[in-house]
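Peer 1: Got a structure here, written out as structure tokens. Questions coming.
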Amino acid sequence: MTTSSSAGHSRRDFLFVATGAVAAVGAAAVAWPLVAQLNPDASTVAAGAPIEVDLSPIADGQDIKVFWRGKPIYIMHRTAKQIKEAQSVNVSSLPDPQPDSARVKEGHDQWLVVIGICTHLGCIPIAHEGSYDGFFCPCHGSQYDSSGRIRQGPAPLNLAIPPYAFVSDSKIKIG
Amino acid sequence: MSGPSTFQPQNPVLKWIERRLPIFGLVHSSFVAYPTPRNLNYWWTFGGILSFMLGVQIITGIILAMHYTPHADLAFNSVEAIVRDVDYGWLLRYLHSNGASMFFIAVYIHMLRGLYYGSYKEPREVLWILGVIIYLLMMATGFMGYVLPWGQMSFWGATVITNLFSAIPYFGESIVTLLWGGYSVGNPTLNRFFSLHYLLPFVIAGVVVLHVWALHVAGQNNPAGVEPKTAKDTVPFTPYATIKDAFGLSCFILFYCWFIFYIPNYLGDPDNYIPANPGVTPAHIVPEWYYLPFYAILRSIPNKLAGVAAMFSAILVLAFLPWLDSAKTRSLRYRPLAKQFFWIFVGVCLGLGYLGAKPPEGVYVVAGRILTGCYFAYFLIVLPILSRIEKPRPVPNSIADDVLGKKGVVASLAAVFAVAGLLAWDSGSRAQAADHAPTPPSLNWSFAGPLGKFDQGQLQRGYKVYKEVCSACHSMNLVHYRNLADPGGPGFTVAQATALAAEIQVKDGPNDAGEMFERPGRIADKFPSPFPNENAARAANGGAAPPDLSLMAKARGYERGFPQFIFDAFTQFQEKGPNYIHAILTGFEDTPPHGFTLPEGSFYNKYFPGHAMKMPNPLSDDQITYEDGTPQKVDQYATDVAAFLMWAAEPKLEERKRIGLQVMIFMLIFAGLLYFTKRAVWADAH
Ligand code: FES
């Protein structure tokens, strides 16, 4: 084999590698929009804007369920008994230790706002049921207390708290 | 697919699988070792291109089906929501809608290639007939797909095509009712067409497998039309054919991208941007361009049953081609007479396509009849006679001789694109105004051309004109306040868009007490409609409901004439809509020309088809205050609002052109690399 033909060979190899590399880049670039289209579309995103909820109609011991971004949100007006139970638990004994103060807004102890989706596999727990004065998930028996913390059953975490703030004493803005 | 394989895997895992399922051997013998004639030219790459297009259509189609709603009330808006709201939705939709056209361009070239080189002759008859079946399935699939956006052309195309079956004696009406699932084209029709449109591509894929199987049994034909005799006549499929196909495909993709990114609506009909209306037939119904020759045949026969029969026979006659043309010599290269007739036949098909897009009147009808006669004469008279009387020139002894005899028989890609362009030619422009309204003047738009961008100031002014004038009568149901802050739009900030939204009152509810209530608009709300429903709009406007303006800039067009519309594909002219809107807004004349009687309650407009418009002249100088010092003239208002409506109709235009440029540059580099790689690979074969 002469020198010139081996130089020719390496030039050819370079050409093959370059073509292959550009093809790979192209394939990746094509895959991008095919996957990106699975994202929520612009109208879904726009519809997920924050919502305001008036708390005044919810009496002591009652709860309501509102929807935000397609998720059920429990707003529970807790009784004095429920608040006391939630605060007096030994936090370190809980599966997902969190004090009650971290789960409500300061000065609004009576309002528990949680996303009503069981942290086990996504069923909706029933309010005011179960042995802890909080929520009971009928799917596989998870029990949450009056602070929405997991106490018993297969769920690993406390019920999540959505982003929200008090606009006034009787009105919250979720999102 | 060609007998037991000689493929011997070394890897133990592959060995284990291969003994139980010889799939690697199958792939190896069909797509790697498979011997292909070494003299194939670029016309042979269209088989691969067609497989690619089938893949593109299936993938984009499956994705579009994830976002599409097959319901008569929702389909049109769901397609628009794909284009406007889904990430890259505009790209997927244009890939799919233009993909159908590319598929047909490729299949017509593939068929003509088969015709020219005699690829249907013994022993490839079954291969050819399977191809005809695929073509028929493609026609059915394309037709049903065109119905799905549920625009005016979808609806009336569906009505006209399904009514073809009513020509069948005795059973016709019942068959049509079965197709419709009702007493007219409606929601059940749309649902079943959607279902079948999803199904048929997979049926096509199945027949393609048979087609390829038959191909691999008979072996590929080649430009010389002589069968390979020795090993010197063939090269292995991989890398030789693979790399050549890849290069051909990359050039085809460049062509395809030109349509997707720069002239995505060139092959479509503006009427299909008007939602289906069972009460109004568009002035001029034309099918998609790929059916036009057959549509012309249908119309040129003045009897319903005979017309339908002629149209279907025009396709079915292809299946009998192997027996109609019994000449032993395959390739027309060696049949000088047949070659001339072949090109005449191509001209006849193009002519029929041209006539299919023209109104069926006057000289067009006569021409249609003559060409229909020529079409059938080619198959039924010319080919059978020629195959008996023509004395062919001697064919080369072998493929190797053919290659040595002629250096570099490379069909130029320019020719491919010329034919493709010609095939696509007559769909570019459609008569919207058959009554000779003057052509709207072409304005200089900032958003025209490959680097076009909207002028934000102009869009903001246009929005002001819309809001203060047009919105008194016209809705814009597809545009939301949030869009005002979208990139590539008028460039309002989110806060400004929110403030604009808050100016309107929106009916919402019911609340907990079950009552409807009014609330200030939010950024997610659409522009408000001036009338609660269409009937109210009609009643308030002398019987003519003011149309929704969201898509107005794409739903109107005008005839550009031959050959201008061919140049339009190259110059990327896509601004008929805004030109037309501007022309209408500046085309009012207080006194109609002498001899024109204006109907009661109408206004004379120079550019409006028929000239009698229900809309009074909406604009006058100094009517709207421009804060930026732009002249407050009618012409300026009209230009600004036309630009705004173009943005409303095509909000992703800037993103499309920007990505388009990147894709074109990438594909040019890639095609160049493939070309040199192909040369390097083929250097061994010569
Ligand atoms: S989902 Fe709630 S316990 Fe399993």
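A note on labels: chains of the structure tokens are A, B, ... as shown, every chain counts residues from 1, and ligands are counted from 1 in their shown order.
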Quick one: residues within 10 Å of Leu95 (chain B), only C-alpha atoms, excluding same-chain residues fewer than 2 positions away - as a list in words?
Peer 2: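 So the residues in contact are Val56, Gln57, Thr60, Gly61, Gly89, Trp90, Leu91, Leu92, Arg93, Ser97, Asn98, Gly99, Ala100, Met102, Tyr256, Cys257, Phe259, Ile260, Phe261 and Pro264 of chain B.
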Peer 1: Identify all chain A residues at most 6 Å from chain B by counting only C-alpha atoms; ligands do not count. Present them as a list in words.
Peer 2: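 The contacting residues on chain A are Thr19, Pro33, Gln37, Asp41, Ala42 and Ala46 of chain A.
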Peer 1: I want to know what sits within 12 Å of region 88-94 of chain A, based on only C-alpha atoms, with residues of the same chain fewer than 2 positions away left out; could you give that as a PyMOL selection string?
Peer 2: chain A and resi 81-86+96-102+132+144-152+156-158
Peer 1: Grab me every residue within 12 Å of ligand 1, counting only C-alpha atoms and all ligand atoms, and send it over as number ranges by chain.
Peer 2: A: 116-126, 135-144, 150-159
Peer 1: Looking only at alpha helix (DSSP H) from DSSP on the backbone, list the matching residues of chain A as a PyMOL selection string.
Peer 2: chain A and resi 3-36+42-47+80-88
Peer 1: Tell me, as a ChimeraX atom specification, which residues lie within 8 Å of Pro162 (chain A), counting only C-alpha atoms; anything in the same chain fewer than 6 positions away does not count.
Peer 2: /A:73,113-115,174-175
Peer 1: Could you dump the residues just selected with all heavy atoms as a PDB file, in the first residue's frame?
Peer 2:
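Okay, this is what ended up in part-v3.pdb:
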```pdb
ATOM      1  N   ILE A  73     -57.973  20.316  45.693  1.00  0.00           N
ATOM      2  CA  ILE A  73     -57.320  20.939  46.851  1.00  0.00           C
ATOM      3  C   ILE A  73     -58.339  20.965  47.991  1.00  0.00           C
ATOM      4  O   ILE A  73     -59.434  21.499  47.817  1.00  0.00           O
ATOM      5  CB  ILE A  73     -56.899  22.381  46.521  1.00  0.00           C
ATOM      6  CG1 ILE A  73     -56.135  22.401  45.213  1.00  0.00           C
ATOM      7  CG2 ILE A  73     -56.177  23.024  47.702  1.00  0.00           C
ATOM      8  CD1 ILE A  73     -54.720  22.740  45.254  1.00  0.00           C
ATOM      9  N   VAL A 113     -54.690  23.724  54.151  1.00  0.00           N
ATOM     10  CA  VAL A 113     -54.865  23.662  52.692  1.00  0.00           C
ATOM     11  C   VAL A 113     -53.895  22.622  52.157  1.00  0.00           C
ATOM     12  O   VAL A 113     -52.684  22.791  52.248  1.00  0.00           O
ATOM     13  CB  VAL A 113     -54.587  25.044  52.052  1.00  0.00           C
ATOM     14  CG1 VAL A 113     -54.800  24.979  50.540  1.00  0.00           C
ATOM     15  CG2 VAL A 113     -55.472  26.111  52.672  1.00  0.00           C
ATOM     16  N   VAL A 114     -54.432  21.522  51.637  1.00  0.00           N
ATOM     17  CA  VAL A 114     -53.558  20.460  51.126  1.00  0.00           C
ATOM     18  C   VAL A 114     -54.056  19.983  49.767  1.00  0.00           C
ATOM     19  O   VAL A 114     -55.229  20.113  49.439  1.00  0.00           O
ATOM     20  CB  VAL A 114     -53.493  19.232  52.076  1.00  0.00           C
ATOM     21  CG1 VAL A 114     -52.727  19.562  53.331  1.00  0.00           C
ATOM     22  CG2 VAL A 114     -54.879  18.701  52.364  1.00  0.00           C
ATOM     23  N   ILE A 115     -53.109  19.458  49.005  1.00  0.00           N
ATOM     24  CA  ILE A 115     -53.495  18.825  47.744  1.00  0.00           C
ATOM     25  C   ILE A 115     -54.058  17.457  48.074  1.00  0.00           C
ATOM     26  O   ILE A 115     -53.382  16.639  48.705  1.00  0.00           O
ATOM     27  CB  ILE A 115     -52.284  18.705  46.792  1.00  0.00           C
ATOM     28  CG1 ILE A 115     -51.766  20.105  46.427  1.00  0.00           C
ATOM     29  CG2 ILE A 115     -52.655  17.930  45.537  1.00  0.00           C
ATOM     30  CD1 ILE A 115     -50.548  20.114  45.536  1.00  0.00           C
ATOM     31  N   ILE A 174     -54.523  30.609  45.500  1.00  0.00           N
ATOM     32  CA  ILE A 174     -53.767  29.373  45.275  1.00  0.00           C
ATOM     33  C   ILE A 174     -53.006  29.497  43.963  1.00  0.00           C
ATOM     34  O   ILE A 174     -53.581  29.867  42.943  1.00  0.00           O
ATOM     35  CB  ILE A 174     -54.709  28.160  45.236  1.00  0.00           C
ATOM     36  CG1 ILE A 174     -55.487  28.063  46.552  1.00  0.00           C
ATOM     37  CG2 ILE A 174     -53.910  26.879  44.987  1.00  0.00           C
ATOM     38  CD1 ILE A 174     -56.509  26.967  46.580  1.00  0.00           C
ATOM     39  N   GLY A 175     -51.726  29.174  44.016  1.00  0.00           N
ATOM     40  CA  GLY A 175     -50.916  29.186  42.789  1.00  0.00           C
ATOM     41  C   GLY A 175     -49.891  30.296  42.798  1.00  0.00           C
ATOM     42  O   GLY A 175     -49.864  31.154  43.636  1.00  0.00           O
TER      43      GLY A 175
END
```
Peer 1: Determine, counting only C-alpha atoms, which protein, DNA and RNA residues have an atom within 12 Å of an atom of Val395 (chain B); residues of the same chain fewer than 3 positions away are not included. Present the result as a compact mmCIF listing (two decimals) with N, CA and C atoms, in the first residue's frame.
Peer 2:
```
# COMPACT_ATOMS: atom_id res chain seq x y z
N PRO B 223 -32.18 0.68 -15.56
CA PRO B 223 -32.39 1.52 -16.74
C PRO B 223 -32.15 0.81 -18.06
N ALA B 224 -31.29 -0.21 -18.08
CA ALA B 224 -31.05 -0.91 -19.33
C ALA B 224 -32.15 -1.93 -19.60
N GLY B 225 -32.82 -2.35 -18.53
CA GLY B 225 -33.91 -3.29 -18.71
C GLY B 225 -33.46 -4.70 -19.02
N VAL B 226 -32.17 -4.99 -18.81
CA VAL B 226 -31.72 -6.38 -18.98
C VAL B 226 -31.42 -6.95 -17.60
N GLU B 227 -31.68 -8.25 -17.43
CA GLU B 227 -31.50 -8.84 -16.11
C GLU B 227 -30.01 -9.01 -15.81
N LYS B 328 -41.24 -6.93 -25.70
CA LYS B 328 -40.24 -7.67 -24.94
C LYS B 328 -39.19 -6.73 -24.34
N THR B 329 -38.87 -5.66 -25.06
CA THR B 329 -37.87 -4.72 -24.58
C THR B 329 -38.48 -3.91 -23.44
N ARG B 330 -37.79 -3.89 -22.29
CA ARG B 330 -38.38 -3.20 -21.14
C ARG B 330 -38.18 -1.69 -21.23
N SER B 331 -36.93 -1.30 -21.34
CA SER B 331 -36.63 0.13 -21.17
C SER B 331 -36.98 0.92 -22.42
N LEU B 332 -37.62 2.07 -22.21
CA LEU B 332 -37.97 2.91 -23.35
C LEU B 332 -36.74 3.55 -23.99
N ARG B 333 -35.61 3.45 -23.31
CA ARG B 333 -34.38 3.91 -23.92
C ARG B 333 -34.17 3.31 -25.30
N TYR B 334 -34.61 2.05 -25.42
CA TYR B 334 -34.36 1.33 -26.67
C TYR B 334 -35.62 1.25 -27.52
N ARG B 335 -36.64 2.05 -27.15
CA ARG B 335 -37.87 2.07 -27.95
C ARG B 335 -38.17 3.53 -28.30
N LYS B 391 -39.92 -1.52 -33.87
CA LYS B 391 -38.68 -2.30 -33.89
C LYS B 391 -37.71 -1.65 -32.91
N PRO B 392 -37.48 -2.30 -31.77
CA PRO B 392 -36.61 -1.66 -30.77
C PRO B 392 -35.16 -1.68 -31.21
N SER B 398 -25.18 -6.77 -21.31
CA SER B 398 -25.26 -6.93 -19.86
C SER B 398 -25.26 -5.55 -19.22
N ILE B 399 -25.53 -5.55 -17.92
CA ILE B 399 -25.54 -4.29 -17.19
C ILE B 399 -24.14 -3.68 -17.18
N ASP B 401 -21.90 -3.88 -19.42
CA ASP B 401 -21.70 -3.22 -20.71
C ASP B 401 -22.36 -1.85 -20.72
N ASP B 402 -23.57 -1.82 -20.16
CA ASP B 402 -24.32 -0.57 -20.12
C ASP B 402 -23.56 0.50 -19.36
N GLY B 405 -20.56 1.55 -21.36
CA GLY B 405 -20.94 2.26 -22.57
C GLY B 405 -21.24 3.73 -22.31
```
Peer 1: For Tyr295 (chain B), find every residue with an atom within 10 Å (counting only C-alpha atoms), except residues of its own chain fewer than 2 positions away, and show them as a PyMOL selection string.
Peer 2: chain B and resi 161+286-293+297-300+307-308+311+352-353+355-357
